[in-house]
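Presented below is the structure to which this report refers.
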Amino acid sequence: MKHYVVTFGKSLIVGSTMLVPGVSGGSMAMILGIYAKLISAVSSFMKDKVRNFFFLAVFLAGSLLGIVSFSKPILHLIETYPMPMLYFFMGAVAGSIPLIFKQAQIKKFSWTMPIYIALGFLVVFIFEMTPISSVSANEGTSWITYFLLIIAGFIAAIALVLPGISVSYMLLLLGLYDETMHAASTFYLPFLVPIGVGLVAGILLTTKLLEKCMNEYPRPTFLIILGFILGSLLELYPGIPTGGEIIICLVALVLGFGIIKYISSKDN
């Protein structure tokens with residue numbers, strides 16, 4: 001029961017930050033130390049169906065509740081107090097680094113370590129430098145439209161699974177953000193169903209590959225993921241605060257670091 005309560009609490013945090021610009025749900029799951037468990041539960045679902053089902057059900061319930069209950073207040077705080085909130089998120093990222101190094105099973109420094117981190121950083125940097133598409137989705141009902149929406153859902157799933165790349169940003173790149181938000185608010189199934197099919201297919205295929213990499217090649221995999229997360233700071237970084245806001249931002253930075261460091265230390 002304690003395990004499920006902790007999972008529910010972490011999923012609340014993941015869900016509440018998923019709609020925050022520049023914050024990846026995968027990054028937050030990694031920061032909270034639940035990412036590898038999620039990948040394993042999805043990829044190896046059939047090996048322990050009951051345990052994995054309850055774990056994923058609890059995580060999904062918490063995430064949905066977090067999205068519904070806390071996303072708007074958090075977005076409001078970011079709009080009202082952008083500097084302190086973004087520094088808080090940056091502190092949270094810093095607080096997760098020791099956990100990621102532990103999962104990478106690093107015992108001593110190797111010259112390949114900065115290369116793997118730089119590779120992950122470069123991938124996210126390229127994504128963030130990509131011009132956002134201005135093409136709008138059509139609400140037609142042809143099979144071509146459905147096929148394209150499935151492909152779009154598949155691509156968005158990669159962003160959903162991989163830390164460092166936010167789903168909202170990926171939808172912007174695909175030119176589907178406004179249409180997806182509108183379809184979700186109006187529950188427009190001809191749009192949502194093919195997107196959902198693509199998402200499920202993308203998640204299943206991506207998690208299989210990720211689980212294999214994390215189990216067989218933990219060092220390069222987790223270091224590249226660390227690069228993903230550090231790369232996402234490019235979009236989070238709000239600049240240098242001025243005046244009295246410097247103290248507030250420093251406190252927020254330390255608070256974010258401390259909270260995530262504490263949660264990570266209590267993970268097991």
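Letters for chains follow the order of the structure tokens (A, B, ...), residue numbers begin at 1 for each chain, and ligand numbers begin at 1 in the order shown.
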Test item: residues at most 10 Å from Ile117 in chain A, only C-alpha atoms, excluding those fewer than 2 positions along its chain, as a list in words: Thr112, Met113, Pro114, Ile115, Leu119, Gly120, Phe121, Leu122, Pro220, Thr221, Phe222, Leu223, Ile224, Ile225, Leu226, Gly227, Phe228, Ile229, Leu230 and Gly231 of chain A
Original post:
What lies within 8 Å of range 51-55 of chain A using only C-alpha atoms, ignoring chain neighbours under 5 positions off, as a ChimeraX atom specification?
Top reply: /A:4,7,41-42,45
Restricting the output to N, CA and C atoms, write the selected residues as a short mmCIF file (atom, residue, chain, number, x, y, z; two decimals), in the first residue's frame.
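Final file, part36.cif:
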```cif
data_model
loop_
_atom_site.label_atom_id
_atom_site.label_comp_id
_atom_site.auth_asym_id
_atom_site.auth_seq_id
_atom_site.Cartn_x
_atom_site.Cartn_y
_atom_site.Cartn_z
N TYR A 4 2.10 2.06 -3.45
CA TYR A 4 1.11 2.67 -4.33
C TYR A 4 0.82 4.12 -3.94
N THR A 7 3.68 6.08 -5.35
CA THR A 7 3.50 6.16 -6.80
C THR A 7 2.44 7.18 -7.17
N ALA A 41 7.20 -1.43 -16.57
CA ALA A 41 5.81 -1.87 -16.42
C ALA A 41 5.09 -1.94 -17.76
N VAL A 42 5.37 -0.98 -18.64
CA VAL A 42 4.74 -0.97 -19.96
C VAL A 42 5.36 -2.02 -20.87
N PHE A 45 4.77 -5.78 -19.54
CA PHE A 45 3.44 -5.87 -18.91
C PHE A 45 2.98 -7.31 -18.74
#
```
Coordinates-based distance that separates CA of Ile78 in chain A from CA of Pro241 in chain A (Å, one decimal):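 Straight-line distance from CA of Pro241 in chain A to CA of Ile78 in chain A works out to 14.6 Å.
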message = Given only C-alpha atoms as the basis, pick out the residue of A:Ala92, A:Glu211, A:Lys47, A:Ala57 nearest to Ile13 in chain A.
response =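 Checking each candidate against Ile13 in chain A, we get A:Ala92 as the closest.
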query = What are the DSSP helix (DSSP H, G or I) residues of range 28-256 of chain A, as an MDAnalysis selection string?
reply = chainID A and resid 28:31 35:43 45:80 82:103 113:129 143:161 167:173 177:186 189:216 218:236 245:256
Test item: residues at most 10 Å from Tyr35 in chain A, only C-alpha atoms, excluding those fewer than 4 positions along its chain, as a list in words: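 After dropping sequence-adjacent residues, the list is Gly25, Gly26, Ser27, Met28, Ala29, Met30, Ile31, Ile39, Ser40, Ala41, Val161, Leu162 and Pro163 of chain A.
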Write a file of the just-selected residues containing C-alpha atoms, as a CSV table (one decimal), in the first residue's frame.
```csv
chain,number,residue,atom,x,y,z
A,25,GLY,CA,6.6,14.4,-18.4
A,26,GLY,CA,9.4,12.0,-19.0
A,27,SER,CA,11.9,14.4,-17.4
A,28,MET,CA,9.7,14.8,-14.3
A,29,ALA,CA,9.3,11.0,-14.0
A,30,MET,CA,13.0,10.6,-14.2
A,31,ILE,CA,13.6,13.4,-11.7
A,39,ILE,CA,9.2,1.8,-18.8
A,40,SER,CA,9.5,-1.7,-17.3
A,41,ALA,CA,5.8,-1.9,-16.4
A,161,VAL,CA,8.4,8.6,-23.4
A,162,LEU,CA,11.8,10.3,-23.8
A,163,PRO,CA,12.8,12.8,-21.1
```
Pairwise distance, CA of Lys49 in chain A with CA of Gly33 in chain A, equals 21.9 Å
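Proximity to Ser43 in chain A at 10 Å, evaluated using only C-alpha atoms and with sequence-adjacent residues fewer than 5 positions away removed, yields Lys37, Leu38, Asn52, Ile203, Leu204, Leu205, Thr206, Thr207, Lys208, Leu209, Leu210, Glu211 and Lys212 of chain A.
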Checklist entry - Which residues, written as a list in words, have at least one atom at most 12 Å from Gly198 in chain A, with only C-alpha atoms counted and residues fewer than 5 positions away on the same chain left out? => result Tyr146, Phe147, Leu148, Leu149, Ile150, Ile151, Ala152, Gly153, Phe154, Ile155, Ala156, Ala157, Ile158, Leu160, Phe191, Leu192, Val193, Ile203, Leu204, Leu205 and Thr206 of chain A
Residues from last step as file, N, CA and C atoms, as a PDB file, in the first residue's frame:
```pdb
ATOM      1  N   TYR A 146      -6.783  10.265 -41.263  1.00  0.00           N
ATOM      2  CA  TYR A 146      -6.635   9.366 -40.122  1.00  0.00           C
ATOM      3  C   TYR A 146      -5.212   8.815 -40.041  1.00  0.00           C
ATOM      4  N   PHE A 147      -4.664   8.446 -41.200  1.00  0.00           N
ATOM      5  CA  PHE A 147      -3.308   7.886 -41.237  1.00  0.00           C
ATOM      6  C   PHE A 147      -2.290   8.914 -40.740  1.00  0.00           C
ATOM      7  N   LEU A 148      -2.430  10.160 -41.193  1.00  0.00           N
ATOM      8  CA  LEU A 148      -1.509  11.208 -40.778  1.00  0.00           C
ATOM      9  C   LEU A 148      -1.626  11.498 -39.283  1.00  0.00           C
ATOM     10  N   LEU A 149      -2.845  11.423 -38.747  1.00  0.00           N
ATOM     11  CA  LEU A 149      -3.031  11.639 -37.318  1.00  0.00           C
ATOM     12  C   LEU A 149      -2.414  10.504 -36.499  1.00  0.00           C
ATOM     13  N   ILE A 150      -2.504   9.277 -37.017  1.00  0.00           N
ATOM     14  CA  ILE A 150      -1.862   8.141 -36.339  1.00  0.00           C
ATOM     15  C   ILE A 150      -0.353   8.341 -36.305  1.00  0.00           C
ATOM     16  N   ILE A 151       0.217   8.766 -37.452  1.00  0.00           N
ATOM     17  CA  ILE A 151       1.661   9.037 -37.518  1.00  0.00           C
ATOM     18  C   ILE A 151       2.041  10.146 -36.541  1.00  0.00           C
ATOM     19  N   ALA A 152       1.208  11.197 -36.483  1.00  0.00           N
ATOM     20  CA  ALA A 152       1.473  12.305 -35.562  1.00  0.00           C
ATOM     21  C   ALA A 152       1.438  11.827 -34.111  1.00  0.00           C
ATOM     22  N   GLY A 153       0.468  10.953 -33.798  1.00  0.00           N
ATOM     23  CA  GLY A 153       0.389  10.397 -32.444  1.00  0.00           C
ATOM     24  C   GLY A 153       1.607   9.558 -32.109  1.00  0.00           C
ATOM     25  N   PHE A 154       2.095   8.806 -33.109  1.00  0.00           N
ATOM     26  CA  PHE A 154       3.285   7.976 -32.917  1.00  0.00           C
ATOM     27  C   PHE A 154       4.495   8.844 -32.604  1.00  0.00           C
ATOM     28  N   ILE A 155       4.653   9.935 -33.348  1.00  0.00           N
ATOM     29  CA  ILE A 155       5.785  10.846 -33.134  1.00  0.00           C
ATOM     30  C   ILE A 155       5.673  11.524 -31.770  1.00  0.00           C
ATOM     31  N   ALA A 156       4.439  11.931 -31.410  1.00  0.00           N
ATOM     32  CA  ALA A 156       4.235  12.573 -30.102  1.00  0.00           C
ATOM     33  C   ALA A 156       4.549  11.611 -28.968  1.00  0.00           C
ATOM     34  N   ALA A 157       4.313  10.295 -29.183  1.00  0.00           N
ATOM     35  CA  ALA A 157       4.598   9.296 -28.152  1.00  0.00           C
ATOM     36  C   ALA A 157       6.080   9.240 -27.828  1.00  0.00           C
ATOM     37  N   ILE A 158       6.910   9.475 -28.838  1.00  0.00           N
ATOM     38  CA  ILE A 158       8.356   9.479 -28.600  1.00  0.00           C
ATOM     39  C   ILE A 158       8.707  10.582 -27.611  1.00  0.00           C
ATOM     40  N   LEU A 160       6.617  11.786 -25.454  1.00  0.00           N
ATOM     41  CA  LEU A 160       5.987  11.433 -24.188  1.00  0.00           C
ATOM     42  C   LEU A 160       6.874  10.496 -23.384  1.00  0.00           C
ATOM     43  N   PHE A 191     -10.873  13.001 -34.291  1.00  0.00           N
ATOM     44  CA  PHE A 191      -9.498  13.495 -34.195  1.00  0.00           C
ATOM     45  C   PHE A 191      -8.734  12.759 -33.102  1.00  0.00           C
ATOM     46  N   LEU A 192      -9.377  12.559 -31.947  1.00  0.00           N
ATOM     47  CA  LEU A 192      -8.689  12.004 -30.781  1.00  0.00           C
ATOM     48  C   LEU A 192      -8.359  10.518 -30.926  1.00  0.00           C
ATOM     49  N   VAL A 193      -9.250   9.742 -31.556  1.00  0.00           N
ATOM     50  CA  VAL A 193      -9.034   8.290 -31.645  1.00  0.00           C
ATOM     51  C   VAL A 193      -7.781   7.938 -32.447  1.00  0.00           C
ATOM     52  N   ILE A 203       4.203   4.385 -27.825  1.00  0.00           N
ATOM     53  CA  ILE A 203       4.641   4.111 -26.450  1.00  0.00           C
ATOM     54  C   ILE A 203       5.118   2.670 -26.315  1.00  0.00           C
ATOM     55  N   LEU A 204       4.353   1.717 -26.863  1.00  0.00           N
ATOM     56  CA  LEU A 204       4.717   0.304 -26.744  1.00  0.00           C
ATOM     57  C   LEU A 204       6.053   0.009 -27.416  1.00  0.00           C
ATOM     58  N   LEU A 205       6.241   0.528 -28.624  1.00  0.00           N
ATOM     59  CA  LEU A 205       7.477   0.251 -29.355  1.00  0.00           C
ATOM     60  C   LEU A 205       8.677   0.966 -28.727  1.00  0.00           C
ATOM     61  N   THR A 206       8.481   2.205 -28.298  1.00  0.00           N
ATOM     62  CA  THR A 206       9.583   2.973 -27.724  1.00  0.00           C
ATOM     63  C   THR A 206      10.021   2.410 -26.382  1.00  0.00           C
TER      64      THR A 206
END
```
Neighbouring residues of Tyr237 in chain A were defined as those with any atom within 12 Å, considering only C-alpha atoms; residues of the same chain fewer than 3 positions away were excluded. Please report them as a list in words.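 Using only C-alpha atoms, the neighbours found are Pro21, Gly22, Val23, Pro82, Met83, Pro84, Met85, Leu86, Tyr87, Phe88, Phe89, Met90, Gly91, Val93, Leu230, Gly231, Ser232, Leu233, Leu234, Ile240, Pro241, Cys249 and Leu253 of chain A.
In terms of minimum interatomic distance to Arg219 in chain A, A:Ile106 ranks closest within A:Ile106, A:Leu99, A:Met18, A:Leu236, counting only C-alpha atoms.
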Computed gap from CA of Gly95 in chain A to CA of His76 in chain A is 24.0 Å
